[in-house]
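Undergrad: First the structure, which I've put down as structure tokens, then a few questions once you've had a look.
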Amino acid sequence: MRQTEKTCITQRTLLSDGPRRSAPRSACVVVIHGEGLGKRADLGEAAVVIGRSPESDLHIPHNSVSRWHCRIWRDGDSYYIADMGATNRTRVNDVAVTRAELADGDHITLGECILKFISHSSVEARYHQEVYQLATRDGLTELYNRRHFVEAVDREIARATRHGRPLVMCIIDVDKFKPVNDKYGHIAGDDVLRQLAAIVRRFVRGEDVAARIGGEEFAVMLPETDLEAARAFAERLREAVAEDVFMVGDVPHRMTISIGIASLAPGREERSPLMQAADNALYRAKDEGRNRVCVEA
Ligand SMILES: Nc1nc2c(ncn2[C@@H]2O[C@H](COP(=O)(O)OP(=O)(O)OP(=O)(O)O)[C@@H](O)[C@H]2O)c(=O)[nH]1
């Protein structure tokens, strides 16, 4: 391998494409304080709307941010911001604005969140993006971490309850993982977890949230999904894992998973009882022989 290429690769981290990623050319806004730290929206031809509404282009789910808080757009070489009638008026460099031209480095305050307008520095934008990745992802599998998952679940439960929409929690546990670790070592065990996460990632849709919530425990939250569809999802995932060949060190290995499922229902309209119900189903799946999906009625 050529030396230059080698150097590049050593600078890449698990969570970042490092210096090889092409630099974003357009201006952008990045959350630098508060909810959504590190989230970025590129400012291209179309205007970007920022707000608490999930339909906004840059979604900041915090109570101090209005559903449709402000709008940023480009006109020629200039960028402008306009408040959209937010309860906490949009502030630029601490001055409340109705409409203003933005300059590189301006701080935009929306409620308790602060964004930075970056007109050209792609390095800085990438830095913020990386901070966001580090704060929300599990370093081993690159699925979401437990902290982000918990926040996402609380948010989605509130939304599902408000609109009377279904939501399902799946908790996934690797079967007989301890013997793999004991026989082949922790590093080989980590490889299994990474391969498993890759399969989970293949099966989740855009609005689902998949996370590693414990050592060898994963969870997937399925918004807008009823129990039957969730069971079908879990069965497909279980089968895919059982059919895959896992490389444990150099040794091909079969692995299986058990899955517990519970839906949002009376008595479990909050995260704790919902996860407890999915956990109960998971333990039943283990008790009944593993490599199976159980549903908490
Ligand atoms: N390699 C690796 N192993 C982990 C990690 N976190 C937890 N473990 C291991 O996961 C294993 C979990 O084993 P147990 O909970 O006893 O269960 P099991 O052998 O999977 O058996 P069942 O769940 O009953 O099917 C233990 O050996 C832990 O050390 C991790 O991050 N990496």
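Numbering starts fresh at 1 for the residues of each chain in the structure tokens, the chains themselves are lettered A, B, ... in the order given, and ligands are numbered from 1 as they appear.
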Would you mind listing what lies within 9 Å of Leu227 of chain A as an MDAnalysis selection string, with only C-alpha atoms counted and same-chain residues fewer than 5 positions away left out?

TA: chainID A and resid 166:168 232 261:263 295

Undergrad: Okay, now the selection with N, CA and C atoms, as a PDB file, in the first residue's frame?

TA:
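Dumped everything to result-v7.pdb:
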ATOM      1  N   PRO A 166     -49.513   3.369  17.450  1.00  0.00           N
ATOM      2  CA  PRO A 166     -48.867   2.194  18.046  1.00  0.00           C
ATOM      3  C   PRO A 166     -47.339   2.349  18.116  1.00  0.00           C
ATOM      4  N   LEU A 167     -46.750   1.617  19.015  1.00  0.00           N
ATOM      5  CA  LEU A 167     -45.277   1.616  19.161  1.00  0.00           C
ATOM      6  C   LEU A 167     -44.894   0.300  19.835  1.00  0.00           C
ATOM      7  N   VAL A 168     -43.827  -0.307  19.365  1.00  0.00           N
ATOM      8  CA  VAL A 168     -43.412  -1.598  19.929  1.00  0.00           C
ATOM      9  C   VAL A 168     -41.940  -1.562  20.333  1.00  0.00           C
ATOM     10  N   ALA A 232     -43.444 -10.121  13.094  1.00  0.00           N
ATOM     11  CA  ALA A 232     -42.901 -10.547  11.798  1.00  0.00           C
ATOM     12  C   ALA A 232     -41.475 -10.008  11.617  1.00  0.00           C
ATOM     13  N   ILE A 261     -40.835  -8.996  23.038  1.00  0.00           N
ATOM     14  CA  ILE A 261     -41.575  -7.887  22.424  1.00  0.00           C
ATOM     15  C   ILE A 261     -42.711  -7.437  23.327  1.00  0.00           C
ATOM     16  N   ALA A 262     -42.906  -6.124  23.408  1.00  0.00           N
ATOM     17  CA  ALA A 262     -44.083  -5.591  24.110  1.00  0.00           C
ATOM     18  C   ALA A 262     -44.507  -4.311  23.417  1.00  0.00           C
ATOM     19  N   SER A 263     -45.817  -4.073  23.420  1.00  0.00           N
ATOM     20  CA  SER A 263     -46.310  -2.852  22.775  1.00  0.00           C
ATOM     21  C   SER A 263     -46.780  -1.863  23.831  1.00  0.00           C
ATOM     22  N   VAL A 295     -43.873 -12.702  22.901  1.00  0.00           N
ATOM     23  CA  VAL A 295     -44.605 -11.427  22.992  1.00  0.00           C
ATOM     24  C   VAL A 295     -45.279 -11.337  24.353  1.00  0.00           C
TER      25      VAL A 295
END

Undergrad: Grab me every residue within 7 Å of ligand 1, counting only C-alpha atoms and all ligand atoms, and send it over as a PyMOL selection string.

TA: chain A and resi 173-179+181-182+186-190+214-216+286+290

Undergrad: Counting only C-alpha atoms, what is within 7 Å of Leu274 of chain A, bar same-chain residues fewer than 4 positions away, as a PyMOL selection string?

TA: chain A and resi 262+264+268-270+278

Undergrad: Can you list, as a VMD selection string, all residues belonging to segment 48-230 of chain A that DSSP tags as alpha helix (DSSP H)?

TA: chain A and resid 122 to 136 146 to 163 177 to 184 186 to 203 227 to 230

Undergrad: Create the file for the chosen residues now, containing C-alpha atoms and written as a compact mmCIF listing (two decimals), in the first residue's frame.

TA:
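What ended up in part.txt:
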# COMPACT_ATOMS: atom_id res chain seq x y z
CA SER A 122 -15.93 22.21 6.58
CA VAL A 123 -13.34 21.08 9.13
CA GLU A 124 -15.26 22.73 11.94
CA ALA A 125 -18.58 21.35 10.69
CA ARG A 126 -17.08 17.84 10.66
CA TYR A 127 -15.76 18.31 14.16
CA HIS A 128 -19.25 19.06 15.43
CA GLN A 129 -20.66 16.13 13.52
CA GLU A 130 -18.10 13.85 15.14
CA VAL A 131 -18.99 15.13 18.60
CA TYR A 132 -22.60 14.22 17.85
CA GLN A 133 -21.58 10.71 16.75
CA LEU A 134 -19.49 10.19 19.87
CA ALA A 135 -22.29 11.37 22.13
CA THR A 136 -24.98 9.18 20.62
CA ARG A 146 -28.23 3.43 25.65
CA ARG A 147 -28.41 7.11 26.57
CA HIS A 148 -29.58 8.19 23.13
CA PHE A 149 -31.97 5.25 22.94
CA VAL A 150 -33.62 6.15 26.24
CA GLU A 151 -34.14 9.75 25.11
CA ALA A 152 -35.53 8.63 21.76
CA VAL A 153 -37.92 6.17 23.44
CA ASP A 154 -39.25 8.83 25.85
CA ARG A 155 -39.82 11.19 22.95
CA GLU A 156 -41.53 8.59 20.74
CA ILE A 157 -43.72 7.31 23.58
CA ALA A 158 -44.92 10.88 24.21
CA ARG A 159 -45.68 11.31 20.50
CA ALA A 160 -47.39 7.93 20.13
CA THR A 161 -49.52 8.55 23.23
CA ARG A 162 -50.52 12.04 22.11
CA HIS A 163 -51.61 10.87 18.66
CA PHE A 177 -22.71 -15.89 24.37
CA LYS A 178 -20.65 -16.58 27.49
CA PRO A 179 -19.23 -19.86 26.14
CA VAL A 180 -18.07 -18.02 22.98
CA ASN A 181 -16.28 -15.44 25.10
CA ASP A 182 -14.84 -18.07 27.39
CA LYS A 183 -13.59 -20.26 24.55
CA TYR A 184 -12.41 -17.70 22.00
CA HIS A 186 -13.38 -11.21 24.53
CA ILE A 187 -12.06 -9.78 21.25
CA ALA A 188 -13.62 -12.58 19.23
CA GLY A 189 -16.81 -12.01 21.25
CA ASP A 190 -16.72 -8.34 20.27
CA ASP A 191 -16.53 -9.38 16.60
CA VAL A 192 -19.70 -11.39 17.05
CA LEU A 193 -21.45 -8.36 18.53
CA ARG A 194 -20.33 -6.23 15.59
CA GLN A 195 -21.58 -8.78 13.07
CA LEU A 196 -24.86 -9.05 14.89
CA ALA A 197 -25.27 -5.28 14.90
CA ALA A 198 -24.68 -5.24 11.15
CA ILE A 199 -27.57 -7.69 10.68
CA VAL A 200 -29.83 -5.62 12.95
CA ARG A 201 -28.96 -2.52 10.92
CA ARG A 202 -30.00 -4.31 7.72
CA PHE A 203 -33.48 -4.91 9.10
CA LEU A 227 -47.66 -6.19 17.47
CA GLU A 228 -48.18 -8.47 14.49
CA ALA A 229 -45.88 -6.45 12.23
CA ALA A 230 -43.33 -6.29 15.03

Undergrad: When distances are computed from only C-alpha atoms, which of A:Val65, A:Leu102, A:Val293, A:Ile257 shows the smallest separation from Met84 of chain A?

TA: A:Val65

Undergrad: Considering only C-alpha atoms, can you say which of A:Pro252, A:Pro273, A:Gly111, A:Pro266 comes closest to Ser64 of chain A?

TA: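 Comparing A:Pro252, A:Pro273, A:Gly111, A:Pro266 against Ser64 of chain A, the winner is A:Gly111.
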
Undergrad: Rounded to one decimal place, report the atom CA of Arg236 of chain A-atom CA of Gly206 of chain A distance in Å.

TA: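 A separation of 17.2 Å between them.
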
Undergrad: Would you pick out the contacts of Pro61 of chain A at 10 Å or less, using only C-alpha atoms, so that residues sharing its chain but fewer than 2 positions from it are not included, and give the list as a PDB file with C-alpha atoms, in the first residue's frame?

TA:
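What follows is the written file selection_16.pdb:
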ATOM      1  CA  GLU A  35     -30.521  19.134  22.580  1.00  0.00           C
ATOM      2  CA  GLY A  36     -29.170  17.619  19.377  1.00  0.00           C
ATOM      3  CA  GLY A  51     -37.957  23.567  14.840  1.00  0.00           C
ATOM      4  CA  ARG A  52     -39.383  21.030  17.236  1.00  0.00           C
ATOM      5  CA  SER A  53     -41.682  19.557  14.597  1.00  0.00           C
ATOM      6  CA  PRO A  54     -40.435  16.178  13.339  1.00  0.00           C
ATOM      7  CA  LEU A  58     -33.415  20.356  11.345  1.00  0.00           C
ATOM      8  CA  HIS A  59     -35.439  18.745  14.091  1.00  0.00           C
ATOM      9  CA  ASN A  63     -39.643  22.177  24.695  1.00  0.00           C
ATOM     10  CA  SER A  64     -37.993  25.593  24.523  1.00  0.00           C
ATOM     11  CA  VAL A  65     -37.932  25.356  20.704  1.00  0.00           C
ATOM     12  CA  SER A  66     -41.146  26.161  18.791  1.00  0.00           C
ATOM     13  CA  ARG A  67     -42.517  23.633  16.330  1.00  0.00           C
ATOM     14  CA  ALA A 152     -35.534   8.630  21.763  1.00  0.00           C
ATOM     15  CA  ARG A 155     -39.821  11.192  22.949  1.00  0.00           C
TER      16      ARG A 155
END

Undergrad: So, counting only C-alpha atoms, which residue among A:Ala265, A:Leu222, A:Cys28, A:Ile171 is closest to Asp106 of chain A?

TA: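 Looking only at the distances to Asp106 of chain A, the closest residue turns out to be A:Cys28.
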
Undergrad: Pick the closest to Ala277 of chain A from A:Pro223, A:Ile259, A:Asp138, A:Arg99: which is it, counting only C-alpha atoms?

TA: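 Between A:Pro223, A:Ile259, A:Asp138, A:Arg99, the residue approaching Ala277 of chain A most closely is A:Ile259.
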
Undergrad: To one decimal place in Å, what is the distance between atom CA of Gly139 of chain A and atom CA of Asp208 of chain A?

TA: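 Computed distance, atom CA of Gly139 of chain A to atom CA of Asp208 of chain A, equals 19.6 Å.
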